[in-house]
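To start, the structure under review is shown below, and the notes come after it.
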Amino acid sequence: MSQPLAATPSLEDVTESIIFPPGDIYSDEPPLESDLHREQIDLLIRLIKWWWRDREDFYATGNLTIYFSPNQKKSEEFRGPDFFVVLDTEKKDRKSWVVWQEDGKYPNVIIELLSNSTASVDKGLKKQIYQNTFRTPDYFWFDPNNLELQGFHLVDGQYQDLVPTESGWLWSQQLGLYLVVYLGKLRFFTPDGQLVMLPEEESNQQLEQVNQQLQQTNQQLEQERQRAAILAERLRAAGIDPEQIF
């Protein structure tokens, strides 16, 4: 007697039985709160990389996971600052920052961007981690919506509030730059008060300077033309033909 044919498994059954390997996950960070947050992070990264374009001893990035488990496990102890800078390290691309693979280095500067869902953690738990575990010398937070800016510097193991200048500027000892709310964005300024610009901003400034110089030259030429016309008129009034002088 013939045996009954076994039921052919469906594509869905086969698919459900397969365990797919995980992809190459670069970081473990949640989506950003808004376009404002993403644009601000990108701006800070671009600015510091352009400002230090001739340096090879730093790493600057944003929204990237820092793994710092003492057991050297990526499933434990990790945080993802919105923006951070590590000094005295190799300037190269990374998928994440793994402390035990980076000579035990932690960020020298961290900037967190506040939002309704993260403000309490940024001001509480993260601040304590950055102070007690990371020992990050300069910590700042900035709210892209209401433009709140506050900074701290590590003194004897404890964060001390940075005292702003009369204009509200905060000094980062590690960056050697001021952090300033400028035209609704968090920007860097030099110790002598100059805006740290993007390459396209520098190009625009240079173009404006050239245009200003051209305008000044044209104004000087017009003034010379007017003076020459007045002189010629006076010569004619005295009975002298200015065309016959030369």
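Going by the structure tokens order, chains are called A, B, ..., each with residues numbered from 1, while ligands are numbered from 1 in the order shown.
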
Need to verify the contact set: segment 183-198 of chain A, 12 Å, only C-alpha atoms, exclusion of same-chain residues closer than 5 positions in sequence. Can you return it as a PyMOL selection string? chain A and resi 36-53+83+111-113+140-150+165+167-173+175-178+203-206

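Secondary structure from DSSP on the backbone puts helix (DSSP H, G or I) at the following positions of segment 148-222 of chain A: Pro199, Glu200, Glu201, Glu202, Ser203, Asn204, Gln205, Gln206, Leu207, Glu208, Gln209, Val210, Asn211, Gln212, Gln213, Leu214, Gln215, Gln216, Thr217, Asn218, Gln219, Gln220, Leu221 and Glu222 of chain A.
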
Could those selected residues go to a file with N, CA and C atoms, as a CSV table (one decimal), in the first residue's frame?
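Below is the file part-v6.csv, written as the result:
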```
chain,number,residue,atom,x,y,z
A,199,PRO,N,33.4,75.7,5.9
A,199,PRO,CA,34.2,76.2,4.7
A,199,PRO,C,33.3,77.0,3.8
A,200,GLU,N,32.0,76.7,3.6
A,200,GLU,CA,31.2,77.5,2.7
A,200,GLU,C,31.0,78.9,3.3
A,201,GLU,N,31.0,79.0,4.6
A,201,GLU,CA,30.8,80.3,5.3
A,201,GLU,C,32.1,81.2,5.1
A,202,GLU,N,33.2,80.5,5.1
A,202,GLU,CA,34.5,81.2,4.9
A,202,GLU,C,34.5,81.7,3.5
A,203,SER,N,34.1,80.9,2.5
A,203,SER,CA,34.1,81.3,1.1
A,203,SER,C,33.1,82.5,0.9
A,204,ASN,N,32.0,82.4,1.5
A,204,ASN,CA,31.0,83.5,1.4
A,204,ASN,C,31.6,84.8,2.0
A,205,GLN,N,32.3,84.7,3.2
A,205,GLN,CA,32.9,85.8,3.8
A,205,GLN,C,34.0,86.4,2.9
A,206,GLN,N,34.8,85.6,2.3
A,206,GLN,CA,35.8,86.0,1.4
A,206,GLN,C,35.2,86.7,0.2
A,207,LEU,N,34.1,86.2,-0.3
A,207,LEU,CA,33.4,86.8,-1.5
A,207,LEU,C,32.9,88.2,-1.1
A,208,GLU,N,32.3,88.3,0.1
A,208,GLU,CA,31.8,89.5,0.6
A,208,GLU,C,32.9,90.6,0.8
A,209,GLN,N,34.1,90.1,1.2
A,209,GLN,CA,35.2,91.0,1.4
A,209,GLN,C,35.7,91.5,0.0
A,210,VAL,N,35.7,90.6,-1.0
A,210,VAL,CA,36.1,91.1,-2.3
A,210,VAL,C,35.1,92.1,-2.9
A,211,ASN,N,33.8,91.8,-2.7
A,211,ASN,CA,32.8,92.7,-3.1
A,211,ASN,C,32.9,94.1,-2.4
A,212,GLN,N,33.2,94.1,-1.1
A,212,GLN,CA,33.4,95.3,-0.4
A,212,GLN,C,34.6,96.1,-1.0
A,213,GLN,N,35.6,95.4,-1.2
A,213,GLN,CA,36.8,96.1,-1.8
A,213,GLN,C,36.5,96.7,-3.2
A,214,LEU,N,35.7,95.9,-4.0
A,214,LEU,CA,35.4,96.4,-5.3
A,214,LEU,C,34.5,97.7,-5.2
A,215,GLN,N,33.6,97.7,-4.2
A,215,GLN,CA,32.7,98.8,-4.0
A,215,GLN,C,33.5,100.0,-3.5
A,216,GLN,N,34.5,99.8,-2.6
A,216,GLN,CA,35.4,100.9,-2.2
A,216,GLN,C,36.2,101.4,-3.3
A,217,THR,N,36.7,100.5,-4.2
A,217,THR,CA,37.5,101.0,-5.4
A,217,THR,C,36.6,101.8,-6.3
A,218,ASN,N,35.4,101.4,-6.5
A,218,ASN,CA,34.4,102.1,-7.4
A,218,ASN,C,34.1,103.4,-6.8
A,219,GLN,N,33.9,103.5,-5.5
A,219,GLN,CA,33.6,104.8,-4.9
A,219,GLN,C,34.8,105.7,-5.0
A,220,GLN,N,36.0,105.2,-4.8
A,220,GLN,CA,37.2,106.1,-5.0
A,220,GLN,C,37.3,106.6,-6.4
A,221,LEU,N,37.1,105.7,-7.4
A,221,LEU,CA,37.1,106.1,-8.8
A,221,LEU,C,36.1,107.2,-9.1
A,222,GLU,N,34.9,107.0,-8.5
A,222,GLU,CA,33.8,108.0,-8.8
A,222,GLU,C,34.2,109.4,-8.1
```

Near-segment 59-70 of chain A list (8 Å; only C-alpha atoms; drop same-chain fewer than 4 positions) as a PDB file with all heavy atoms, in the first residue's frame:
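In the end it all went to selection-v4.pdb:
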```pdb
ATOM      1  N   SER A  27      26.053  51.176  15.616  1.00  0.00           N
ATOM      2  CA  SER A  27      25.860  51.852  16.883  1.00  0.00           C
ATOM      3  C   SER A  27      24.557  51.365  17.471  1.00  0.00           C
ATOM      4  O   SER A  27      23.809  50.610  16.842  1.00  0.00           O
ATOM      5  CB  SER A  27      25.860  53.373  16.685  1.00  0.00           C
ATOM      6  OG  SER A  27      25.918  54.030  17.919  1.00  0.00           O
ATOM      7  N   ASP A  28      24.262  51.756  18.686  1.00  0.00           N
ATOM      8  CA  ASP A  28      23.095  51.252  19.386  1.00  0.00           C
ATOM      9  C   ASP A  28      22.215  52.392  19.849  1.00  0.00           C
ATOM     10  O   ASP A  28      21.606  52.330  20.902  1.00  0.00           O
ATOM     11  CB  ASP A  28      23.564  50.427  20.596  1.00  0.00           C
ATOM     12  CG  ASP A  28      22.564  49.338  20.938  1.00  0.00           C
ATOM     13  OD1 ASP A  28      21.633  49.132  20.147  1.00  0.00           O
ATOM     14  OD2 ASP A  28      22.704  48.711  21.993  1.00  0.00           O
ATOM     15  N   GLU A  29      22.164  53.457  19.053  1.00  0.00           N
ATOM     16  CA  GLU A  29      21.475  54.661  19.478  1.00  0.00           C
ATOM     17  C   GLU A  29      20.063  54.758  18.918  1.00  0.00           C
ATOM     18  O   GLU A  29      19.802  54.338  17.802  1.00  0.00           O
ATOM     19  CB  GLU A  29      22.279  55.900  19.056  1.00  0.00           C
ATOM     20  CG  GLU A  29      23.560  56.041  19.834  1.00  0.00           C
ATOM     21  CD  GLU A  29      23.341  55.860  21.316  1.00  0.00           C
ATOM     22  OE1 GLU A  29      22.625  56.675  21.911  1.00  0.00           O
ATOM     23  OE2 GLU A  29      23.868  54.890  21.868  1.00  0.00           O
ATOM     24  N   ILE A  41      23.710  68.432  15.607  1.00  0.00           N
ATOM     25  CA  ILE A  41      24.805  67.473  15.754  1.00  0.00           C
ATOM     26  C   ILE A  41      25.729  67.537  14.540  1.00  0.00           C
ATOM     27  O   ILE A  41      26.956  67.604  14.674  1.00  0.00           O
ATOM     28  CB  ILE A  41      24.257  66.045  15.936  1.00  0.00           C
ATOM     29  CG1 ILE A  41      23.563  65.913  17.297  1.00  0.00           C
ATOM     30  CG2 ILE A  41      25.388  65.012  15.830  1.00  0.00           C
ATOM     31  CD1 ILE A  41      22.846  64.588  17.491  1.00  0.00           C
ATOM     32  N   ASP A  42      25.141  67.515  13.352  1.00  0.00           N
ATOM     33  CA  ASP A  42      25.945  67.583  12.118  1.00  0.00           C
ATOM     34  C   ASP A  42      26.773  68.869  12.080  1.00  0.00           C
ATOM     35  O   ASP A  42      27.933  68.859  11.653  1.00  0.00           O
ATOM     36  CB  ASP A  42      25.045  67.507  10.887  1.00  0.00           C
ATOM     37  CG  ASP A  42      24.421  66.138  10.702  1.00  0.00           C
ATOM     38  OD1 ASP A  42      24.909  65.180  11.327  1.00  0.00           O
ATOM     39  OD2 ASP A  42      23.436  66.020   9.938  1.00  0.00           O
ATOM     40  N   ILE A  45      29.819  68.645  14.480  1.00  0.00           N
ATOM     41  CA  ILE A  45      30.843  67.743  13.947  1.00  0.00           C
ATOM     42  C   ILE A  45      31.609  68.411  12.807  1.00  0.00           C
ATOM     43  O   ILE A  45      32.846  68.388  12.760  1.00  0.00           O
ATOM     44  CB  ILE A  45      30.213  66.422  13.469  1.00  0.00           C
ATOM     45  CG1 ILE A  45      29.620  65.660  14.652  1.00  0.00           C
ATOM     46  CG2 ILE A  45      31.250  65.556  12.752  1.00  0.00           C
ATOM     47  CD1 ILE A  45      28.798  64.444  14.238  1.00  0.00           C
ATOM     48  N   ILE A  48      34.005  71.363  14.136  1.00  0.00           N
ATOM     49  CA  ILE A  48      35.235  71.008  14.842  1.00  0.00           C
ATOM     50  C   ILE A  48      36.205  70.294  13.899  1.00  0.00           C
ATOM     51  O   ILE A  48      37.426  70.480  13.994  1.00  0.00           O
ATOM     52  CB  ILE A  48      34.935  70.158  16.095  1.00  0.00           C
ATOM     53  CG1 ILE A  48      36.087  70.276  17.095  1.00  0.00           C
ATOM     54  CG2 ILE A  48      34.655  68.718  15.757  1.00  0.00           C
ATOM     55  CD1 ILE A  48      36.234  71.650  17.709  1.00  0.00           C
ATOM     56  N   LYS A  49      35.667  69.496  12.965  1.00  0.00           N
ATOM     57  CA  LYS A  49      36.549  68.819  12.015  1.00  0.00           C
ATOM     58  C   LYS A  49      37.200  69.825  11.064  1.00  0.00           C
ATOM     59  O   LYS A  49      38.366  69.666  10.698  1.00  0.00           O
ATOM     60  CB  LYS A  49      35.774  67.766  11.223  1.00  0.00           C
ATOM     61  CG  LYS A  49      35.477  66.501  12.020  1.00  0.00           C
ATOM     62  CD  LYS A  49      34.834  65.446  11.147  1.00  0.00           C
ATOM     63  CE  LYS A  49      34.674  64.133  11.897  1.00  0.00           C
ATOM     64  NZ  LYS A  49      34.058  63.078  11.048  1.00  0.00           N
ATOM     65  N   LYS A  74      29.856  44.165  25.134  1.00  0.00           N
ATOM     66  CA  LYS A  74      29.049  45.207  24.506  1.00  0.00           C
ATOM     67  C   LYS A  74      27.576  45.142  24.914  1.00  0.00           C
ATOM     68  O   LYS A  74      26.810  46.053  24.602  1.00  0.00           O
ATOM     69  CB  LYS A  74      29.172  45.133  22.984  1.00  0.00           C
ATOM     70  CG  LYS A  74      30.536  45.581  22.472  1.00  0.00           C
ATOM     71  CD  LYS A  74      30.539  45.705  20.962  1.00  0.00           C
ATOM     72  CE  LYS A  74      31.860  46.257  20.455  1.00  0.00           C
ATOM     73  NZ  LYS A  74      31.868  46.420  18.984  1.00  0.00           N
ATOM     74  N   GLU A  76      26.713  45.213  27.951  1.00  0.00           N
ATOM     75  CA  GLU A  76      26.667  45.912  29.234  1.00  0.00           C
ATOM     76  C   GLU A  76      27.228  47.327  29.084  1.00  0.00           C
ATOM     77  O   GLU A  76      28.057  47.594  28.221  1.00  0.00           O
ATOM     78  CB  GLU A  76      27.528  45.175  30.285  1.00  0.00           C
ATOM     79  CG  GLU A  76      27.186  43.726  30.492  1.00  0.00           C
ATOM     80  CD  GLU A  76      28.170  43.047  31.445  1.00  0.00           C
ATOM     81  OE1 GLU A  76      29.194  43.679  31.793  1.00  0.00           O
ATOM     82  OE2 GLU A  76      27.905  41.905  31.818  1.00  0.00           O
ATOM     83  N   GLU A  77      26.777  48.216  29.930  1.00  0.00           N
ATOM     84  CA  GLU A  77      27.387  49.532  30.108  1.00  0.00           C
ATOM     85  C   GLU A  77      27.713  50.250  28.794  1.00  0.00           C
ATOM     86  O   GLU A  77      28.839  50.215  28.307  1.00  0.00           O
ATOM     87  CB  GLU A  77      28.664  49.409  30.945  1.00  0.00           C
ATOM     88  CG  GLU A  77      28.473  48.755  32.295  1.00  0.00           C
ATOM     89  CD  GLU A  77      27.579  49.554  33.218  1.00  0.00           C
ATOM     90  OE1 GLU A  77      27.368  50.762  32.973  1.00  0.00           O
ATOM     91  OE2 GLU A  77      27.058  48.956  34.180  1.00  0.00           O
ATOM     92  N   PHE A  78      26.725  50.898  28.239  1.00  0.00           N
ATOM     93  CA  PHE A  78      26.984  51.705  27.045  1.00  0.00           C
ATOM     94  C   PHE A  78      26.085  52.936  27.062  1.00  0.00           C
ATOM     95  O   PHE A  78      24.982  52.912  27.595  1.00  0.00           O
ATOM     96  CB  PHE A  78      26.769  50.897  25.761  1.00  0.00           C
ATOM     97  CG  PHE A  78      25.430  50.217  25.663  1.00  0.00           C
ATOM     98  CD1 PHE A  78      24.332  50.885  25.114  1.00  0.00           C
ATOM     99  CD2 PHE A  78      25.264  48.911  26.119  1.00  0.00           C
ATOM    100  CE1 PHE A  78      23.105  50.265  25.028  1.00  0.00           C
ATOM    101  CE2 PHE A  78      24.028  48.287  26.027  1.00  0.00           C
ATOM    102  CZ  PHE A  78      22.949  48.948  25.487  1.00  0.00           C
ATOM    103  N   ARG A  79      26.614  53.997  26.497  1.00  0.00           N
ATOM    104  CA  ARG A  79      25.890  55.257  26.382  1.00  0.00           C
ATOM    105  C   ARG A  79      26.235  55.884  25.031  1.00  0.00           C
ATOM    106  O   ARG A  79      27.307  55.612  24.475  1.00  0.00           O
ATOM    107  CB  ARG A  79      26.271  56.237  27.497  1.00  0.00           C
ATOM    108  CG  ARG A  79      25.724  55.871  28.864  1.00  0.00           C
ATOM    109  CD  ARG A  79      24.221  56.099  28.950  1.00  0.00           C
ATOM    110  NE  ARG A  79      23.632  55.433  30.105  1.00  0.00           N
ATOM    111  CZ  ARG A  79      22.342  55.466  30.393  1.00  0.00           C
ATOM    112  NH1 ARG A  79      21.520  56.138  29.608  1.00  0.00           N
ATOM    113  NH2 ARG A  79      21.882  54.822  31.444  1.00  0.00           N
ATOM    114  N   GLY A  80      25.347  56.749  24.547  1.00  0.00           N
ATOM    115  CA  GLY A  80      25.588  57.392  23.262  1.00  0.00           C
ATOM    116  C   GLY A  80      25.402  58.887  23.332  1.00  0.00           C
ATOM    117  O   GLY A  80      24.295  59.392  23.109  1.00  0.00           O
ATOM    118  N   PRO A  81      26.445  59.644  23.658  1.00  0.00           N
ATOM    119  CA  PRO A  81      26.333  61.106  23.678  1.00  0.00           C
ATOM    120  C   PRO A  81      25.949  61.653  22.303  1.00  0.00           C
ATOM    121  O   PRO A  81      26.307  61.081  21.271  1.00  0.00           O
ATOM    122  CB  PRO A  81      27.733  61.566  24.079  1.00  0.00           C
ATOM    123  CG  PRO A  81      28.365  60.384  24.741  1.00  0.00           C
ATOM    124  CD  PRO A  81      27.789  59.189  24.048  1.00  0.00           C
ATOM    125  N   ASP A  82      25.258  62.779  22.312  1.00  0.00           N
ATOM    126  CA  ASP A  82      24.872  63.391  21.042  1.00  0.00           C
ATOM    127  C   ASP A  82      26.085  63.906  20.274  1.00  0.00           C
ATOM    128  O   ASP A  82      26.135  63.845  19.053  1.00  0.00           O
ATOM    129  CB  ASP A  82      23.883  64.533  21.293  1.00  0.00           C
ATOM    130  CG  ASP A  82      22.528  64.022  21.758  1.00  0.00           C
ATOM    131  OD1 ASP A  82      22.095  62.965  21.253  1.00  0.00           O
ATOM    132  OD2 ASP A  82      21.916  64.648  22.628  1.00  0.00           O
ATOM    133  N   PHE A  83      27.057  64.427  21.005  1.00  0.00           N
ATOM    134  CA  PHE A  83      28.297  64.911  20.384  1.00  0.00           C
ATOM    135  C   PHE A  83      29.422  64.724  21.388  1.00  0.00           C
ATOM    136  O   PHE A  83      29.262  65.028  22.570  1.00  0.00           O
ATOM    137  CB  PHE A  83      28.170  66.395  20.019  1.00  0.00           C
ATOM    138  CG  PHE A  83      29.465  67.030  19.567  1.00  0.00           C
ATOM    139  CD1 PHE A  83      29.912  66.888  18.265  1.00  0.00           C
ATOM    140  CD2 PHE A  83      30.252  67.760  20.462  1.00  0.00           C
ATOM    141  CE1 PHE A  83      31.104  67.478  17.846  1.00  0.00           C
ATOM    142  CE2 PHE A  83      31.442  68.347  20.050  1.00  0.00           C
ATOM    143  CZ  PHE A  83      31.868  68.197  18.744  1.00  0.00           C
ATOM    144  N   PHE A  84      30.555  64.195  20.908  1.00  0.00           N
ATOM    145  CA  PHE A  84      31.699  64.095  21.818  1.00  0.00           C
ATOM    146  C   PHE A  84      33.008  64.166  21.053  1.00  0.00           C
ATOM    147  O   PHE A  84      33.064  63.888  19.850  1.00  0.00           O
ATOM    148  CB  PHE A  84      31.630  62.835  22.686  1.00  0.00           C
ATOM    149  CG  PHE A  84      31.780  61.517  21.962  1.00  0.00           C
ATOM    150  CD1 PHE A  84      33.030  60.945  21.762  1.00  0.00           C
ATOM    151  CD2 PHE A  84      30.661  60.822  21.523  1.00  0.00           C
ATOM    152  CE1 PHE A  84      33.177  59.720  21.129  1.00  0.00           C
ATOM    153  CE2 PHE A  84      30.785  59.587  20.885  1.00  0.00           C
ATOM    154  CZ  PHE A  84      32.040  59.040  20.689  1.00  0.00           C
ATOM    155  N   VAL A  85      34.040  64.563  21.783  1.00  0.00           N
ATOM    156  CA  VAL A  85      35.388  64.695  21.228  1.00  0.00           C
ATOM    157  C   VAL A  85      36.359  63.978  22.145  1.00  0.00           C
ATOM    158  O   VAL A  85      36.326  64.156  23.373  1.00  0.00           O
ATOM    159  CB  VAL A  85      35.802  66.176  21.100  1.00  0.00           C
ATOM    160  CG1 VAL A  85      37.243  66.287  20.593  1.00  0.00           C
ATOM    161  CG2 VAL A  85      34.866  66.928  20.167  1.00  0.00           C
ATOM    162  N   VAL A  86      37.220  63.168  21.543  1.00  0.00           N
ATOM    163  CA  VAL A  86      38.297  62.507  22.282  1.00  0.00           C
ATOM    164  C   VAL A  86      39.616  63.065  21.761  1.00  0.00           C
ATOM    165  O   VAL A  86      39.844  63.095  20.549  1.00  0.00           O
ATOM    166  CB  VAL A  86      38.268  60.975  22.097  1.00  0.00           C
ATOM    167  CG1 VAL A  86      39.356  60.323  22.954  1.00  0.00           C
ATOM    168  CG2 VAL A  86      36.891  60.414  22.441  1.00  0.00           C
ATOM    169  N   LEU A  87      40.469  63.504  22.673  1.00  0.00           N
ATOM    170  CA  LEU A  87      41.757  64.069  22.298  1.00  0.00           C
ATOM    171  C   LEU A  87      42.867  63.024  22.428  1.00  0.00           C
ATOM    172  O   LEU A  87      42.700  62.004  23.103  1.00  0.00           O
ATOM    173  CB  LEU A  87      42.077  65.281  23.170  1.00  0.00           C
ATOM    174  CG  LEU A  87      41.049  66.422  23.138  1.00  0.00           C
ATOM    175  CD1 LEU A  87      41.465  67.534  24.093  1.00  0.00           C
ATOM    176  CD2 LEU A  87      40.879  66.967  21.724  1.00  0.00           C
ATOM    177  N   THR A  89      44.111  60.891  20.308  1.00  0.00           N
ATOM    178  CA  THR A  89      43.779  59.584  19.757  1.00  0.00           C
ATOM    179  C   THR A  89      43.891  59.653  18.244  1.00  0.00           C
ATOM    180  O   THR A  89      44.078  60.734  17.673  1.00  0.00           O
ATOM    181  CB  THR A  89      42.360  59.151  20.161  1.00  0.00           C
ATOM    182  OG1 THR A  89      42.155  57.784  19.808  1.00  0.00           O
ATOM    183  CG2 THR A  89      41.303  60.010  19.484  1.00  0.00           C
ATOM    184  N   GLU A  90      43.782  58.503  17.588  1.00  0.00           N
ATOM    185  CA  GLU A  90      43.934  58.461  16.132  1.00  0.00           C
ATOM    186  C   GLU A  90      42.678  58.988  15.434  1.00  0.00           C
ATOM    187  O   GLU A  90      41.555  58.622  15.776  1.00  0.00           O
ATOM    188  CB  GLU A  90      44.213  57.025  15.679  1.00  0.00           C
ATOM    189  CG  GLU A  90      44.510  56.902  14.192  1.00  0.00           C
ATOM    190  CD  GLU A  90      44.805  55.477  13.788  1.00  0.00           C
ATOM    191  OE1 GLU A  90      44.822  54.581  14.663  1.00  0.00           O
ATOM    192  OE2 GLU A  90      45.010  55.240  12.574  1.00  0.00           O
ATOM    193  N   LYS A  91      42.900  59.830  14.468  1.00  0.00           N
ATOM    194  CA  LYS A  91      41.802  60.391  13.676  1.00  0.00           C
ATOM    195  C   LYS A  91      41.444  59.395  12.564  1.00  0.00           C
ATOM    196  O   LYS A  91      42.110  59.312  11.543  1.00  0.00           O
ATOM    197  CB  LYS A  91      42.231  61.736  13.081  1.00  0.00           C
ATOM    198  CG  LYS A  91      41.142  62.459  12.311  1.00  0.00           C
ATOM    199  CD  LYS A  91      41.696  63.769  11.765  1.00  0.00           C
ATOM    200  CE  LYS A  91      40.685  64.543  10.970  1.00  0.00           C
ATOM    201  NZ  LYS A  91      41.262  65.813  10.417  1.00  0.00           N
ATOM    202  N   LYS A  92      40.369  58.649  12.783  1.00  0.00           N
ATOM    203  CA  LYS A  92      39.922  57.664  11.804  1.00  0.00           C
ATOM    204  C   LYS A  92      38.444  57.386  12.046  1.00  0.00           C
ATOM    205  O   LYS A  92      37.900  57.677  13.112  1.00  0.00           O
ATOM    206  CB  LYS A  92      40.726  56.363  11.905  1.00  0.00           C
ATOM    207  CG  LYS A  92      40.510  55.624  13.225  1.00  0.00           C
ATOM    208  CD  LYS A  92      41.282  54.313  13.265  1.00  0.00           C
ATOM    209  CE  LYS A  92      40.996  53.555  14.559  1.00  0.00           C
ATOM    210  NZ  LYS A  92      41.721  52.263  14.611  1.00  0.00           N
ATOM    211  N   LYS A  95      33.033  52.480  13.961  1.00  0.00           N
ATOM    212  CA  LYS A  95      31.642  52.056  14.035  1.00  0.00           C
ATOM    213  C   LYS A  95      31.043  52.422  15.390  1.00  0.00           C
ATOM    214  O   LYS A  95      29.833  52.643  15.499  1.00  0.00           O
ATOM    215  CB  LYS A  95      31.536  50.545  13.815  1.00  0.00           C
ATOM    216  CG  LYS A  95      32.004  50.082  12.445  1.00  0.00           C
ATOM    217  CD  LYS A  95      31.902  48.571  12.329  1.00  0.00           C
ATOM    218  CE  LYS A  95      32.395  48.090  10.977  1.00  0.00           C
ATOM    219  NZ  LYS A  95      32.326  46.607  10.857  1.00  0.00           N
ATOM    220  N   SER A  96      31.860  52.427  16.411  1.00  0.00           N
ATOM    221  CA  SER A  96      31.461  52.795  17.760  1.00  0.00           C
ATOM    222  C   SER A  96      32.746  53.074  18.526  1.00  0.00           C
ATOM    223  O   SER A  96      33.839  52.827  18.028  1.00  0.00           O
ATOM    224  CB  SER A  96      30.655  51.675  18.429  1.00  0.00           C
ATOM    225  OG  SER A  96      31.417  50.473  18.438  1.00  0.00           O
ATOM    226  N   TRP A  97      32.600  53.614  19.746  1.00  0.00           N
ATOM    227  CA  TRP A  97      33.783  53.870  20.575  1.00  0.00           C
ATOM    228  C   TRP A  97      33.814  52.821  21.680  1.00  0.00           C
ATOM    229  O   TRP A  97      32.968  52.806  22.569  1.00  0.00           O
ATOM    230  CB  TRP A  97      33.747  55.273  21.171  1.00  0.00           C
ATOM    231  CG  TRP A  97      34.998  55.599  21.935  1.00  0.00           C
ATOM    232  CD1 TRP A  97      35.229  55.421  23.275  1.00  0.00           C
ATOM    233  CD2 TRP A  97      36.219  56.124  21.394  1.00  0.00           C
ATOM    234  NE1 TRP A  97      36.502  55.806  23.606  1.00  0.00           N
ATOM    235  CE2 TRP A  97      37.140  56.237  22.478  1.00  0.00           C
ATOM    236  CE3 TRP A  97      36.628  56.504  20.117  1.00  0.00           C
ATOM    237  CZ2 TRP A  97      38.428  56.734  22.300  1.00  0.00           C
ATOM    238  CZ3 TRP A  97      37.913  56.990  19.952  1.00  0.00           C
ATOM    239  CH2 TRP A  97      38.797  57.100  21.034  1.00  0.00           C
ATOM    240  N   VAL A  98      34.783  51.933  21.601  1.00  0.00           N
ATOM    241  CA  VAL A  98      34.926  50.835  22.559  1.00  0.00           C
ATOM    242  C   VAL A  98      36.113  51.168  23.453  1.00  0.00           C
ATOM    243  O   VAL A  98      37.268  51.093  23.018  1.00  0.00           O
ATOM    244  CB  VAL A  98      35.134  49.486  21.839  1.00  0.00           C
ATOM    245  CG1 VAL A  98      35.178  48.357  22.859  1.00  0.00           C
ATOM    246  CG2 VAL A  98      34.024  49.261  20.814  1.00  0.00           C
ATOM    247  N   VAL A  99      35.846  51.525  24.679  1.00  0.00           N
ATOM    248  CA  VAL A  99      36.874  52.059  25.572  1.00  0.00           C
ATOM    249  C   VAL A  99      38.051  51.111  25.723  1.00  0.00           C
ATOM    250  O   VAL A  99      39.217  51.532  25.678  1.00  0.00           O
ATOM    251  CB  VAL A  99      36.265  52.396  26.951  1.00  0.00           C
ATOM    252  CG1 VAL A  99      37.357  52.707  27.970  1.00  0.00           C
ATOM    253  CG2 VAL A  99      35.309  53.580  26.830  1.00  0.00           C
ATOM    254  N   TRP A 100      37.778  49.816  25.894  1.00  0.00           N
ATOM    255  CA  TRP A 100      38.889  48.873  26.120  1.00  0.00           C
ATOM    256  C   TRP A 100      39.704  48.608  24.852  1.00  0.00           C
ATOM    257  O   TRP A 100      40.757  48.003  24.917  1.00  0.00           O
ATOM    258  CB  TRP A 100      38.365  47.563  26.715  1.00  0.00           C
ATOM    259  CG  TRP A 100      37.350  46.828  25.906  1.00  0.00           C
ATOM    260  CD1 TRP A 100      37.583  45.916  24.921  1.00  0.00           C
ATOM    261  CD2 TRP A 100      35.931  46.946  26.012  1.00  0.00           C
ATOM    262  NE1 TRP A 100      36.402  45.452  24.402  1.00  0.00           N
ATOM    263  CE2 TRP A 100      35.366  46.051  25.063  1.00  0.00           C
ATOM    264  CE3 TRP A 100      35.068  47.690  26.816  1.00  0.00           C
ATOM    265  CZ2 TRP A 100      33.994  45.900  24.900  1.00  0.00           C
ATOM    266  CZ3 TRP A 100      33.709  47.538  26.658  1.00  0.00           C
ATOM    267  CH2 TRP A 100      33.177  46.664  25.719  1.00  0.00           C
TER     268      TRP A 100
END
```

Per DSSP on the backbone, what are the strand (DSSP E) residues of segment 65-214 of chain A, as a VMD selection string? chain A and resid 66 to 67 78 to 79 83 to 87 97 to 98 109 to 113 138 to 142 149 to 155 158 to 161 170 to 172 177 to 182 185 to 189

Quick check, in Å to one decimal: how far apart do atom CA of Ser117 of chain A and atom CA of Thr133 of chain A lie? 23.3 Å

Could you tell me how far atom CA of Gln101 of chain A sits from atom CA of Lys127 of chain A, in Å to one decimal place?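 These two atoms are separated by 23.6 Å.
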
Measure the distance from atom CA of Gln244 of chain A to atom CA of Arg225 of chain A in Å and round it to one decimal. 18.4 Å

Under the rule that only C-alpha atoms are counted, which of A:Ala228, A:Phe58, A:Ile240, A:Val181 is the nearest residue to Asp93 of chain A?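 Selected residue with least distance to Asp93 of chain A: A:Phe58.
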